[in-house]
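**Student:** File input18.cif follows (mmCIF, C-alpha atoms):
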data_final
loop_
_atom_site.label_atom_id
_atom_site.label_comp_id
_atom_site.auth_asym_id
_atom_site.auth_seq_id
_atom_site.Cartn_x
_atom_site.Cartn_y
_atom_site.Cartn_z
CA MET A 1 16.72 -32.61 -15.89
CA LYS A 2 18.49 -31.28 -18.98
CA PHE A 3 17.31 -28.68 -21.48
CA ASP A 4 17.15 -31.24 -24.28
CA GLU A 5 14.50 -33.12 -22.28
CA LEU A 6 12.22 -30.13 -22.69
CA ASN A 7 10.31 -29.59 -25.91
CA LEU A 8 12.27 -26.49 -26.91
CA ASN A 9 12.93 -25.47 -30.51
CA PRO A 10 16.24 -26.93 -31.87
CA SER A 11 17.68 -23.45 -32.50
CA VAL A 12 17.19 -22.62 -28.80
CA LEU A 13 18.93 -25.81 -27.73
CA LYS A 14 21.86 -25.02 -30.04
CA GLY A 15 22.16 -21.57 -28.51
CA LEU A 16 22.13 -23.03 -24.99
CA ASN A 17 24.81 -25.57 -25.93
CA ASP A 18 26.98 -22.79 -27.40
CA LEU A 19 26.75 -21.01 -24.06
CA GLY A 20 27.61 -24.22 -22.19
CA ASN A 21 24.22 -24.17 -20.51
CA THR A 22 22.80 -27.69 -20.40
CA ASN A 23 20.98 -27.95 -17.07
CA PRO A 24 18.03 -25.69 -16.18
CA THR A 25 17.71 -24.12 -12.75
CA SER A 26 14.79 -25.15 -10.53
CA LEU A 27 12.96 -21.98 -11.57
CA GLN A 28 13.47 -22.78 -15.26
CA GLU A 29 12.33 -26.37 -14.73
CA THR A 30 9.04 -25.04 -13.38
CA ILE A 31 8.33 -22.11 -15.71
CA ILE A 32 9.41 -23.46 -19.10
CA PRO A 33 7.03 -26.49 -19.12
CA ALA A 34 4.13 -24.17 -18.19
CA PHE A 35 5.15 -21.86 -21.05
CA LEU A 36 5.42 -24.72 -23.53
CA ASP A 37 1.92 -25.85 -22.51
CA GLY A 38 0.64 -22.43 -23.58
CA LYS A 39 -0.25 -21.27 -20.07
CA ASN A 40 -0.06 -17.78 -18.72
CA ALA A 41 2.17 -17.66 -15.65
CA PHE A 42 2.47 -15.43 -12.61
CA VAL A 43 5.87 -15.90 -10.96
CA LYS A 44 7.26 -14.71 -7.65
CA ALA A 45 10.94 -14.58 -8.53
CA GLY A 46 12.51 -11.18 -7.91
CA ASP A 47 16.21 -11.51 -8.70
CA ILE A 48 16.30 -15.30 -8.44
CA GLN A 49 19.03 -16.88 -10.53
CA GLY A 50 17.87 -17.86 -13.98
CA LYS A 51 15.00 -15.36 -14.36
CA VAL A 52 16.56 -13.41 -17.26
CA GLU A 53 17.53 -16.70 -18.93
CA VAL A 54 13.88 -17.80 -18.68
CA ILE A 55 12.85 -14.60 -20.48
CA SER A 56 15.46 -15.07 -23.22
CA ILE A 57 14.68 -18.80 -23.72
CA THR A 58 10.91 -18.27 -23.97
CA THR A 59 11.44 -15.24 -26.24
CA VAL A 60 13.69 -17.04 -28.74
CA ASP A 61 11.43 -20.11 -28.69
CA THR A 62 8.44 -17.88 -29.56
CA ILE A 63 10.31 -16.32 -32.48
CA SER A 64 11.40 -19.75 -33.73
CA LYS A 65 7.83 -21.02 -33.80
CA ASN A 66 6.47 -17.93 -35.60
CA LYS A 67 9.07 -17.38 -38.35
CA ASP A 68 6.49 -16.55 -40.98
CA GLU A 69 4.85 -13.82 -38.88
CA LYS A 70 5.73 -10.15 -39.35
CA GLY A 71 5.96 -7.23 -36.94
CA THR A 72 6.72 -7.28 -33.24
CA LEU A 73 6.14 -10.80 -31.91
CA VAL A 74 7.56 -10.43 -28.39
CA LEU A 75 7.15 -7.47 -26.06
CA VAL A 76 9.12 -7.40 -22.81
CA LEU A 77 8.38 -4.59 -20.33
CA THR A 78 10.91 -3.84 -17.61
CA PRO A 79 11.14 -0.94 -15.11
CA ASN A 80 14.59 0.51 -15.87
CA PRO A 81 17.10 0.95 -18.76
CA LYS A 82 19.77 -1.22 -17.14
CA GLY A 83 17.41 -4.20 -16.92
CA ALA A 84 16.24 -3.68 -20.51
CA HIS A 85 19.81 -3.72 -21.90
CA HIS A 86 20.68 -6.82 -19.85
CA ILE A 87 17.70 -8.74 -21.24
CA VAL A 88 18.47 -7.70 -24.83
CA GLY A 89 22.06 -8.87 -24.38
CA GLN A 90 20.91 -12.30 -23.15
CA ILE A 91 18.46 -12.69 -26.04
CA SER A 92 21.11 -11.73 -28.60
CA GLU A 93 23.57 -14.30 -27.22
CA LEU A 94 20.98 -17.07 -27.28
CA ALA A 95 19.54 -16.23 -30.72
CA LYS A 96 22.69 -16.81 -32.81
CA HIS A 97 20.98 -19.65 -34.68
CA GLU A 98 17.79 -17.70 -35.32
CA GLU A 99 16.96 -14.53 -37.22
CA VAL A 100 15.90 -12.22 -34.43
CA THR A 101 15.90 -8.43 -34.47
CA THR A 102 15.89 -6.70 -31.09
CA ALA A 103 15.60 -3.12 -29.85
CA THR A 104 15.78 -1.46 -26.45
CA ILE A 105 13.22 1.28 -25.87
CA ASP A 106 14.25 3.31 -22.82
CA MET A 107 14.44 6.89 -21.57
CA ASP A 108 18.26 7.01 -21.94
CA GLY A 109 18.36 6.08 -25.65
CA ASP A 110 17.94 8.06 -28.86
CA ARG A 111 14.22 8.76 -29.26
CA GLU A 112 14.31 8.95 -33.08
CA ALA A 113 16.10 5.59 -33.47
CA GLN A 114 13.77 3.94 -30.98
CA GLU A 115 10.70 5.30 -32.74
CA LYS A 116 11.96 3.87 -36.01
CA ALA A 117 12.50 0.45 -34.37
CA VAL A 118 8.92 0.41 -33.04
CA LEU A 119 7.25 1.56 -36.27
CA ASN A 120 9.30 -0.81 -38.47
CA GLY A 121 8.15 -3.86 -36.50
CA THR A 122 11.31 -5.06 -34.75
CA SER A 123 10.60 -8.67 -33.76
CA VAL A 124 11.55 -8.26 -30.09
CA LEU A 125 11.03 -5.01 -28.17
CA VAL A 126 12.42 -4.75 -24.64
CA ALA A 127 10.98 -1.52 -23.33
CA ASN A 128 10.47 0.79 -20.38
CA PRO A 129 6.72 1.57 -20.34
CA GLY A 130 7.01 5.36 -20.29
CA ARG A 131 9.09 5.77 -23.44
CA LEU A 132 7.22 3.04 -25.36
CA LEU A 133 3.83 4.57 -24.55
CA ASP A 134 5.04 8.04 -25.63
CA ILE A 135 6.08 6.67 -29.03
CA MET A 136 2.87 4.70 -29.52
CA GLU A 137 0.58 7.60 -28.55
CA ASP A 138 2.49 10.19 -30.60
CA ASN A 139 2.20 7.99 -33.70
CA LEU A 140 -1.28 6.55 -33.00
CA PHE A 141 0.44 3.17 -33.17
CA ILE A 142 -0.83 -0.24 -32.07
CA LEU A 143 0.78 -3.70 -31.90
CA ARG A 144 -1.26 -6.19 -33.92
CA ASN A 145 0.79 -9.37 -33.81
CA VAL A 146 2.34 -9.81 -30.34
CA LYS A 147 2.47 -13.51 -29.48
CA PHE A 148 4.25 -13.26 -26.13
CA LEU A 149 4.11 -10.49 -23.50
CA VAL A 150 6.49 -10.41 -20.52
CA ILE A 151 6.35 -7.99 -17.60
CA ASP A 152 9.41 -8.05 -15.36
CA GLY A 153 9.30 -6.46 -11.88
CA LEU A 154 5.56 -5.87 -11.64
CA ASP A 155 5.78 -4.68 -8.02
CA GLU A 156 8.61 -2.29 -8.85
CA MET A 157 6.58 -0.88 -11.76
CA ILE A 158 3.74 -0.09 -9.35
CA ASP A 159 6.10 1.45 -6.78
CA ILE A 160 7.43 3.97 -9.32
CA GLY A 161 3.97 4.87 -10.62
CA LEU A 162 3.83 2.96 -13.94
CA GLU A 163 0.54 1.14 -13.31
CA GLU A 164 -1.55 3.33 -15.63
CA GLN A 165 1.09 3.21 -18.39
CA LEU A 166 1.00 -0.61 -18.29
CA LYS A 167 -2.79 -0.62 -18.62
CA LYS A 168 -2.63 1.77 -21.58
CA ILE A 169 0.01 -0.35 -23.34
CA LYS A 170 -2.18 -3.41 -22.83
CA LYS A 171 -5.01 -1.65 -24.69
CA ARG A 172 -2.65 -1.04 -27.63
CA VAL A 173 -1.69 -4.72 -27.89
CA MET A 174 -4.55 -5.89 -30.11
CA SER A 175 -3.61 -9.56 -30.49
CA GLU A 176 -4.18 -12.47 -28.12
CA SER A 177 -0.85 -13.20 -26.45
CA GLN A 178 0.63 -15.60 -23.94
CA LYS A 179 1.75 -13.73 -20.84
CA LEU A 180 4.49 -14.16 -18.25
CA LEU A 181 4.56 -11.82 -15.23
CA PHE A 182 7.30 -11.59 -12.59
CA THR A 183 7.04 -9.96 -9.17
CA ASN A 184 9.13 -9.89 -6.03
CA GLU A 185 6.22 -9.19 -3.67
CA LEU A 186 2.51 -9.95 -3.71
CA ASN A 187 0.35 -7.21 -2.25
CA ASN A 188 -3.16 -6.03 -3.11
CA ASN A 189 -1.98 -3.59 -5.79
CA VAL A 190 0.19 -6.23 -7.47
CA LYS A 191 -2.61 -8.79 -7.34
CA SER A 192 -5.10 -6.31 -8.79
CA LEU A 193 -2.83 -5.44 -11.73
CA ALA A 194 -1.97 -9.11 -12.31
CA ASP A 195 -5.69 -9.89 -12.45
CA ASN A 196 -6.03 -7.14 -15.06
CA PHE A 197 -3.49 -8.89 -17.32
CA LEU A 198 -3.97 -12.57 -16.54
CA GLU A 199 -6.82 -15.03 -16.66
CA SER A 200 -6.36 -18.34 -14.82
CA PRO A 201 -2.55 -18.17 -14.67
CA ALA A 202 -0.21 -20.83 -13.36
CA LEU A 203 1.17 -19.67 -10.01
CA ILE A 204 4.86 -20.27 -9.46
CA GLY A 205 6.83 -19.45 -6.34
CA PHE A 206 3.86 -18.54 -4.12
CA GLU A 207 4.06 -21.18 -1.41
CA ASN A 208 0.74 -20.42 0.19
CA LEU A 209 -1.19 -20.00 -3.05
CA GLY A 210 -0.08 -23.09 -4.89
CA SER A 211 2.44 -24.31 -7.42
CA ASN A 212 2.70 -24.82 -11.16
CA GLY A 213 -0.68 -25.42 -12.75
CA GLN A 214 -2.79 -23.97 -9.95
CA THR A 215 -4.87 -20.95 -10.90
CA LEU A 216 -5.04 -17.69 -9.01
CA GLN A 217 -8.19 -17.69 -6.94
CA GLY A 218 -9.99 -14.88 -5.20
CA PRO A 219 -10.20 -14.67 -1.41
CA PRO A 220 -12.25 -17.32 0.41
CA GLU A 221 -15.55 -16.31 1.93
CA VAL A 222 -15.57 -15.59 5.65
CA SER A 223 -16.77 -18.61 7.61
CA LYS A 224 -20.18 -18.16 9.18
CA ASP A 225 -18.87 -19.88 12.32
CA LEU A 226 -16.08 -17.37 12.80
CA SER A 227 -16.47 -14.90 15.65
CA GLN A 228 -16.13 -11.38 14.22
CA GLY A 229 -16.09 -8.22 16.26
CA TYR A 230 -14.99 -4.61 16.34
CA ILE A 231 -14.32 -2.09 19.08
CA ASN A 232 -14.98 1.62 18.68
CA VAL A 233 -11.80 3.12 20.08
CA PRO A 234 -11.82 6.47 21.94
CA SER A 235 -9.49 9.16 20.66
CA ARG A 236 -5.81 8.64 21.55
CA MET A 237 -6.51 5.31 23.27
CA LYS A 238 -5.77 2.74 20.55
CA ILE A 239 -2.72 1.16 22.18
CA THR A 240 -4.45 1.11 25.57
CA THR A 241 -7.46 -0.61 23.98
CA LEU A 242 -5.26 -3.17 22.20
CA MET A 243 -3.34 -4.15 25.33
CA ALA A 244 -6.51 -4.34 27.45
CA HIS A 245 -8.23 -6.51 24.83
CA ILE A 246 -5.26 -8.90 24.63
CA GLU A 247 -5.21 -9.19 28.42
CA LYS A 248 -8.94 -9.91 28.45
CA THR A 249 -8.84 -12.46 25.57
CA PRO A 250 -5.57 -14.43 25.75
CA ALA A 251 -4.67 -16.44 22.65
CA ASP A 252 -2.08 -19.10 21.85
CA LYS A 253 -1.26 -17.52 18.48
CA CYS A 254 -2.22 -13.98 17.63
CA VAL A 255 -1.51 -12.03 14.40
CA ILE A 256 -1.81 -8.24 14.57
CA PHE A 257 -1.97 -6.24 11.32
CA THR A 258 -0.91 -2.59 11.19
CA ALA A 259 -0.95 -0.09 8.34
CA SER A 260 2.76 0.80 8.45
CA LYS A 261 6.18 -0.42 9.54
CA ARG A 262 6.35 2.54 11.91
CA GLY A 263 3.22 1.32 13.69
CA THR A 264 4.61 -2.22 13.88
CA ASP A 265 7.91 -1.01 15.35
CA ARG A 266 6.09 1.01 18.00
CA LEU A 267 3.93 -1.93 19.06
CA TYR A 268 6.99 -4.23 19.08
CA ARG A 269 8.73 -2.00 21.66
CA ILE A 270 5.61 -1.90 23.84
CA PHE A 271 5.16 -5.69 23.72
CA ARG A 272 8.80 -6.29 24.62
CA LYS A 273 8.57 -3.78 27.47
CA ASN A 274 5.69 -5.87 28.83
CA ASN A 275 7.77 -9.08 28.53
CA MET A 276 5.57 -10.50 25.77
CA LYS A 277 7.00 -12.91 23.18
CA VAL A 278 6.66 -11.12 19.86
CA THR A 279 8.19 -10.90 16.40
CA SER A 280 7.40 -8.79 13.34
CA LEU A 281 7.23 -9.01 9.55
CA HIS A 282 7.30 -6.18 7.03
CA GLY A 283 7.94 -5.73 3.34
CA LYS A 284 11.55 -4.50 3.65
CA LEU A 285 12.92 -7.56 5.44
CA SER A 286 15.43 -9.77 3.61
CA ASP A 287 14.15 -13.23 2.63
CA GLU A 288 16.41 -14.83 5.24
CA LYS A 289 15.15 -12.71 8.15
CA ARG A 290 11.58 -13.01 7.01
CA SER A 291 11.77 -16.80 6.87
CA GLN A 292 13.39 -17.01 10.31
CA ARG A 293 10.84 -14.75 12.01
CA PHE A 294 7.96 -16.51 10.30
CA ALA A 295 9.30 -19.87 11.48
CA ASN A 296 9.62 -18.60 15.06
CA PHE A 297 5.93 -17.77 15.11
CA ALA A 298 4.74 -20.82 13.18
CA ASN A 299 6.70 -23.12 15.53
CA GLY A 300 5.19 -21.51 18.62
CA ASP A 301 8.42 -19.92 19.89
CA VAL A 302 6.66 -16.54 20.00
CA GLN A 303 3.00 -15.80 20.70
CA PHE A 304 2.42 -12.57 18.78
CA LEU A 305 3.17 -11.75 15.13
CA LEU A 306 3.05 -8.09 14.05
CA VAL A 307 2.58 -7.61 10.29
CA SER A 308 2.75 -4.56 8.02
CA ASP A 309 3.13 -4.03 4.24
CA ILE A 310 2.41 -7.73 3.62
CA SER A 311 -0.89 -9.20 2.52
CA ALA A 312 -2.39 -11.97 4.63
CA SER A 313 -2.61 -13.98 1.39
CA GLU A 314 1.18 -14.40 1.59
CA LEU A 315 1.14 -15.90 5.08
CA ASN A 316 0.99 -19.68 5.03
CA LEU A 317 -0.49 -20.06 8.50
CA ASP A 318 -3.15 -22.16 10.12
CA LYS A 319 -4.56 -22.60 13.61
CA VAL A 320 -4.15 -18.93 14.48
CA THR A 321 -6.36 -18.29 17.49
CA GLN A 322 -6.90 -14.59 16.99
CA VAL A 323 -6.37 -11.95 14.28
CA ILE A 324 -6.48 -8.30 15.31
CA ASN A 325 -6.79 -5.47 12.80
CA TYR A 326 -4.98 -2.73 14.67
CA ASP A 327 -5.68 -0.72 11.52
CA VAL A 328 -8.82 -1.67 9.59
CA PRO A 329 -7.97 -2.77 6.00
CA ASN A 330 -9.55 -0.59 3.30
CA ASP A 331 -9.83 -3.60 0.98
CA PRO A 332 -12.58 -6.17 1.75
CA ASP A 333 -10.52 -8.91 0.04
CA GLU A 334 -7.67 -8.32 2.48
CA TYR A 335 -10.10 -8.64 5.39
CA LYS A 336 -11.23 -12.01 3.99
CA TYR A 337 -7.63 -13.23 3.67
CA ARG A 338 -6.98 -12.23 7.27
CA ALA A 339 -10.14 -13.95 8.47
CA ASN A 340 -9.02 -17.09 6.63
CA LEU A 341 -5.93 -17.29 8.88
CA VAL A 342 -8.08 -17.99 11.92
CA GLY A 343 -8.56 -21.61 12.86
CA ALA A 344 -11.79 -23.27 13.99
CA GLY A 345 -12.93 -23.21 17.59
CA LYS A 346 -15.00 -21.13 19.98
CA ALA A 347 -11.96 -19.14 21.13
CA SER A 348 -11.01 -18.17 17.59
CA ARG A 349 -11.88 -14.65 16.45
CA ILE A 350 -11.04 -11.67 14.27
CA VAL A 351 -11.33 -8.27 15.95
CA SER A 352 -10.91 -4.80 14.43
CA LEU A 353 -10.01 -1.65 16.36
CA VAL A 354 -12.09 1.10 14.79
CA SER A 355 -10.96 4.68 15.31
CA LYS A 356 -12.83 7.71 14.03
CA GLN A 357 -11.06 7.66 10.65
CA ASP A 358 -11.83 3.95 10.19
CA GLN A 359 -15.62 4.30 10.30
CA SER A 360 -16.06 4.35 6.52
CA ASP A 361 -13.86 1.26 6.11
CA ILE A 362 -15.79 -0.79 8.66
CA ARG A 363 -19.09 0.19 6.97
CA GLU A 364 -17.71 -0.97 3.61
CA LEU A 365 -16.59 -4.26 5.15
CA LYS A 366 -20.04 -4.87 6.62
CA ASN A 367 -21.63 -4.38 3.20
CA GLU A 368 -19.06 -6.49 1.34
CA ILE A 369 -18.68 -9.58 3.48
CA GLY A 370 -22.43 -10.02 3.98
CA GLN A 371 -22.06 -10.54 7.72
CA SER A 372 -21.94 -7.74 10.23
CA PRO A 373 -19.13 -8.00 12.78
CA GLU A 374 -20.52 -7.54 16.27
CA GLU A 375 -19.67 -4.35 18.14
CA LEU A 376 -17.80 -5.31 21.30
CA PRO A 377 -17.81 -3.28 24.52
CA LEU A 378 -14.73 -1.38 25.57
CA PRO A 379 -12.53 -3.37 27.97
CA GLU A 380 -13.07 -2.36 31.62
CA LYS A 381 -9.56 -0.93 31.94
CA VAL A 382 -10.19 1.38 29.01
CA VAL A 383 -13.51 2.54 30.50
CA GLU A 384 -11.76 3.30 33.81
CA LYS A 385 -8.99 5.28 32.11
CA LEU A 386 -11.52 7.11 30.00
CA GLU A 387 -13.41 8.17 33.15
CA GLU A 388 -10.15 9.28 34.78
CA ARG A 389 -9.33 11.33 31.72
CA LYS A 390 -12.74 13.00 31.76
CA LYS A 391 -12.45 13.85 35.47
CA LYS A 392 -8.95 15.21 34.97
CA GLY A 393 -10.17 17.31 32.05
CA LYS A 394 -13.01 18.81 34.13
CA LYS A 395 -10.62 19.62 36.99
CA GLN A 396 -8.17 21.31 34.65
CA LYS A 397 -11.03 23.34 33.20
CA ARG A 398 -12.11 24.48 36.67
CA ASP A 399 -8.54 25.31 37.67
CA SER A 400 -8.04 27.38 34.56
CA ARG A 401 -10.93 29.77 35.42
CA PRO A 402 -9.82 33.16 36.94
CA LYS A 403 -10.54 33.45 40.68
CA ARG A 404 -12.41 36.61 41.85
CA GLY A 405 -12.20 37.83 45.48
CA SER A 406 -13.83 40.87 47.22
CA LYS A 407 -11.43 43.17 45.42
CA GLY A 408 -12.51 41.78 42.09
CA LYS A 409 -16.17 42.23 42.94
CA LYS A 410 -15.54 45.84 44.03
CA GLU A 411 -13.72 46.61 40.79
CA LYS A 412 -16.55 45.08 38.80
CA LYS A 413 -19.08 47.23 40.74
CA GLU A 414 -17.08 50.41 40.15
CA ARG A 415 -16.86 49.65 36.40
CA SER A 416 -20.62 49.13 36.31
CA LYS A 417 -21.27 52.37 38.19
CA ASN A 418 -18.97 54.36 35.93
CA LYS A 419 -20.62 52.88 32.91
CA MET A 420 -24.07 54.15 34.04
CA GLU A 421 -22.98 57.78 34.79
CA LEU A 422 -23.35 60.52 32.17
CA PRO A 423 -20.17 62.29 31.15
CA ARG A 424 -19.59 65.58 33.03
CA PRO A 425 -19.68 68.71 30.81
CA SER A 426 -16.56 70.77 30.39
CA TYR A 427 -16.96 74.54 30.07
CA GLU A 428 -13.39 75.30 29.48
CA LYS A 429 -13.70 75.18 25.73
CA LEU A 430 -17.08 76.96 25.56
CA SER A 431 -15.50 80.37 26.07
CA GLY A 432 -14.51 80.43 22.46
CA GLY A 433 -11.73 82.92 23.24
CA ARG A 434 -8.41 83.35 24.88
CA THR A 435 -7.72 83.01 28.56
CA GLY A 436 -6.74 85.97 30.73
CA GLU A 437 -8.02 88.28 33.44
CA ALA A 438 -11.70 88.17 34.47
CA ASP A 439 -12.61 91.57 33.04
CA GLU A 440 -11.16 90.61 29.69
CA ARG A 441 -13.15 87.40 29.28
CA THR A 442 -15.66 87.22 26.43
CA GLY A 443 -17.83 84.56 24.90
CA VAL A 444 -21.17 82.91 25.58
CA VAL A 445 -20.53 82.02 29.23
CA GLU A 446 -19.40 85.57 30.09
CA PHE A 447 -22.42 87.04 28.27
CA PHE A 448 -24.91 85.04 30.40
CA ARG A 449 -22.93 85.72 33.60
CA LYS A 450 -23.23 89.46 33.06
CA LEU A 451 -26.85 89.17 31.97
CA PHE A 452 -27.97 87.45 35.21
CA SER A 453 -25.64 89.25 37.59
#
Please re-express this file's structure in C-alpha cells.
**Tutor:**
Amino acid sequence: MKFDELNLNPSVLKGLNDLGNTNPTSLQETIIPAFLDGKNAFVKAGDIQGKVEVISITTVDTISKNKDEKGTLVLVLTPNPKGAHHIVGQISELAKHEEVTTATIDMDGDREAQEKAVLNGTSVLVANPGRLLDIMEDNLFILRNVKFLVIDGLDEMIDIGLEEQLKKIKKRVMSESQKLLFTNELNNNVKSLADNFLESPALIGFENLGSNGQTLQGPPEVSKDLSQGYINVPSRMKITTLMAHIEKTPADKCVIFTASKRGTDRLYRIFRKNNMKVTSLHGKLSDEKRSQRFANFANGDVQFLLVSDISASELNLDKVTQVINYDVPNDPDEYKYRANLVGAGKASRIVSLVSKQDQSDIRELKNEIGQSPEELPLPEKVVEKLEERKKKGKKQKRDSRPKRGSKGKKEKKERSKNKMELPRPSYEKLSGGRTGEADERTGVVEFFRKLFS
C-alpha cells in the first residue's frame, strides 16, 4: 500500500512526498484507516517504528480539514520534554504545505512563553501534563475546540504518577474529540484509565483482544462449570502449600500468578530445584524473551508458567488445565480474566492460596463474581508439617522453662519465711547521745535501766 491510496488530505500527501515517504509502515496501514473512519483507537505500540509519524500525519490531516476553526484543534500529551520536542519537529516538517502553529509545553521551557501559546490558541499543543495543567488552572482556562486528542505513553504516564493530571485535563477539554491512545503495556491501571477516555475504541496491536475495528470489551463472566476453590494457608507455609497442592493435583498446563517479580523468581528457583519444567513472564522482559518463553509454554515444552506484573488479559492462551493464584488479585476483573484462561473439563480448575492478609480480597471476589469458590482442605503434607511445627513449638516452650531442684525449693522456702518475719528492732540509735563508757551513757534506755535496777 502507498500513502496516496489512503484518503489523506492533499497537503499531507505533499508533505510526505517532500520527505520521500511514500509507503506506510504496517502500524500506519492499520491506524490511519481507523482514524480516517472517525474511530477512537487504543494502540499497543511502545517505540514501534512509525508511531511518531502516525501522530504527525493524523495531526496535520485534522488541521487541514478544520481550517476555518479557531483555537487549539489538536492536543498531544506526552510524558517527557524530549518526546514532546520530537513530535513537534515531525509535525513541523510534515506541515510545510499547511498553516499550522505549534507549541511545546514542558517543564524545561519558559513558563511565560508557554502560557502565552496556550492562551492565544496555538493550533497544535504538544504538552507534558503537569506544566499544561498548571497553566490551565492558574488562568481558569479551558479548551473549547479540540478536535483530536492524542496520549502517547499511557503506561509511562501512570508509572510516573500523572494519572490524576490526565483526568483533570480531560475535564478541561470541553469539546467532543476523536482520541488516539498509545501504550507499551496493558495492565489493570492502564485499562482503567483507557476506559475513562475511550468509548468503544478500535484495538490495535493487542493480539489476544482483537485487531482493528474490534471494541474493547470487559472481562468475560466466570463459567458456572468451572471448578473454583481456595485454600486458607497457615502462616509461613505458602510455598509448602503450593508444592503440596501441585503434587496432589497434577496438571498438563498450569499458570501461577504472583504479585511481584521477586515472588516469581523465588518460585522459579524452587521449581527448578525440584526438577520441574518451568518458565516465567514479567513486565520487564524484552519482547523477544517474552515471546520465546510464552511460546515454550504454549507449545508444551514446559509445564508451569509463572506470571507477575502482567494481566491475564494479555495472555493468549487456551486449554490451560489449572490456574493458581499464589497471590489473590485485588481486582475482580483480573480474577475473571485468569479464570477465562482455564479450558473445559472436569480436571480444570482455578485455585487461590489465601493467607491472612488476603481475606478481604477473597471476600470481595465472592461478592463480585456471584459464585462462591469452595474452600478446599489443606493438603495432607501441610497438615502433617503443621502438626510437627506445633509439637516442636510446645517442646521448645517446655525446654525454655527454668528447672528447679531441691536447692531451688529450699531457697524459695527461706524467702517465704523471711518475708513473714517482723523486722528486728535496733536500739543502737535510741540512745539519742554519744557512745562511751557505761557510767556516761544517757538517754531513754539508760533512764529505764536505772529506774528498774
**Student:** Translate the PyMOL selection byres ((chain A and resi 189-196) around 12) into a concrete residue list for this structure, as an NGL selection string.
**Tutor:** :A and (40-44 or 150-159 or 161-168 or 170-171 or 179-188 or 197-203 or 215-219 or 309-311 or 313-314 or 331 or 333-334)
**Student:** I'd like to know which of A:Asn9, A:Gln178, A:Thr241, A:Ser291 is closest to Lys65 (chain A), using only C-alpha atoms.
**Tutor:**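 Nearest candidate to Lys65 (chain A) out of A:Asn9, A:Gln178, A:Thr241, A:Ser291: A:Asn9.
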**Student:** Which residue gives the smallest distance to Val302 (chain A) among A:Ile270, A:Val382, A:Cys254, A:Val328, with all atoms listed in the file counted?
**Tutor:**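 Closest candidate: A:Cys254.
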**Student:** Determine the residue membership of the PyMOL selection byres ((chain A and resi 72) around 10) for the file above and supply it as a ChimeraX atom specification.
**Tutor:** /A:63,69-71,73-75,101-102,117-125,143-148
**Student:** Between A:Leu226, A:Val354, A:Ile369, A:Val342, single out the one closest to Lys238 (chain A), counting only C-alpha atoms.
**Tutor:**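 Under the stated criterion, the closest residue is A:Val354.
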**Student:** So, counting all atoms listed in the file, which residue among A:Ile160, A:Leu267, A:Leu281, A:Leu306 is closest to Lys253 (chain A)?
**Tutor:**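 Going through A:Ile160, A:Leu267, A:Leu281, A:Leu306 one by one, the smallest distance to Lys253 (chain A) is for A:Leu306.
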**Student:** Using only C-alpha atoms, which residue out of A:Glu368, A:Asp18, A:Asp108, A:Glu221 lies closest to Arg338 (chain A)?
**Tutor:**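 The answer is A:Glu221, which sits nearest to Arg338 (chain A).
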**Student:** Between CA of Thr22 (chain A) and CA of Asp4 (chain A), what is the spacing in Å?
**Tutor:**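 Calculated distance between CA of Asp4 (chain A) and CA of Thr22 (chain A) is 7.7 Å.
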**Student:** Find the residue from A:Pro79, A:Pro379, A:Gly300, A:Gly50 that sits nearest to Gly130 (chain A); use all atoms listed in the file when measuring.
**Tutor:**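 Of the candidates, the smallest distance to Gly130 (chain A) is held by A:Pro79.
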**Student:** List the residues matched by the PyMOL selection byres ((chain A and resi 242) around 10) in the displayed structure as a PyMOL selection string, ordered by chain and then by residue number.
**Tutor:** chain A and resi 231+233+237-241+243-248+256+267+324-326+352-353+379+382
**Student:** I'd like the interatomic distance between CA of Ala34 (chain A) and CA of Asn66 (chain A), to a tenth of an Å.
**Tutor:**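 Straight-line distance from CA of Ala34 (chain A) to CA of Asn66 (chain A) works out to 18.6 Å.
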**Student:** Just the number, please: distance in Å from CA of Gly38 (chain A) to CA of Val100 (chain A), one decimal.
**Tutor:**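 Distance reported for this atom pair: 21.3 Å.
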**Student:** Since the input has fewer atoms than a full residue there, write region 380-389 of chain A out with N, CA and C atoms, as a short mmCIF file (atom, residue, chain, number, x, y, z; two decimals), keeping the file's coordinate frame.
**Tutor:**
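After the write, result_36.cif holds the following:
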data_model
loop_
_atom_site.label_atom_id
_atom_site.label_comp_id
_atom_site.auth_asym_id
_atom_site.auth_seq_id
_atom_site.Cartn_x
_atom_site.Cartn_y
_atom_site.Cartn_z
N GLU A 380 -12.84 -3.11 30.38
CA GLU A 380 -13.07 -2.36 31.62
C GLU A 380 -11.93 -1.39 31.93
N LYS A 381 -10.70 -1.80 31.66
CA LYS A 381 -9.56 -0.93 31.94
C LYS A 381 -9.61 0.35 31.11
N VAL A 382 -10.08 0.21 29.88
CA VAL A 382 -10.19 1.38 29.01
C VAL A 382 -11.29 2.31 29.52
N VAL A 383 -12.41 1.73 29.95
CA VAL A 383 -13.51 2.54 30.50
C VAL A 383 -13.03 3.31 31.72
N GLU A 384 -12.27 2.64 32.61
CA GLU A 384 -11.76 3.30 33.81
C GLU A 384 -10.83 4.45 33.46
N LYS A 385 -9.92 4.22 32.50
CA LYS A 385 -8.99 5.28 32.11
C LYS A 385 -9.71 6.43 31.41
N LEU A 386 -10.75 6.08 30.67
CA LEU A 386 -11.52 7.11 30.00
C LEU A 386 -12.22 8.00 31.02
N GLU A 387 -12.76 7.40 32.09
CA GLU A 387 -13.41 8.17 33.15
C GLU A 387 -12.38 9.04 33.87
N GLU A 388 -11.21 8.49 34.14
CA GLU A 388 -10.15 9.28 34.78
C GLU A 388 -9.76 10.47 33.92
N ARG A 389 -9.70 10.25 32.62
CA ARG A 389 -9.33 11.33 31.72
C ARG A 389 -10.39 12.42 31.70
#
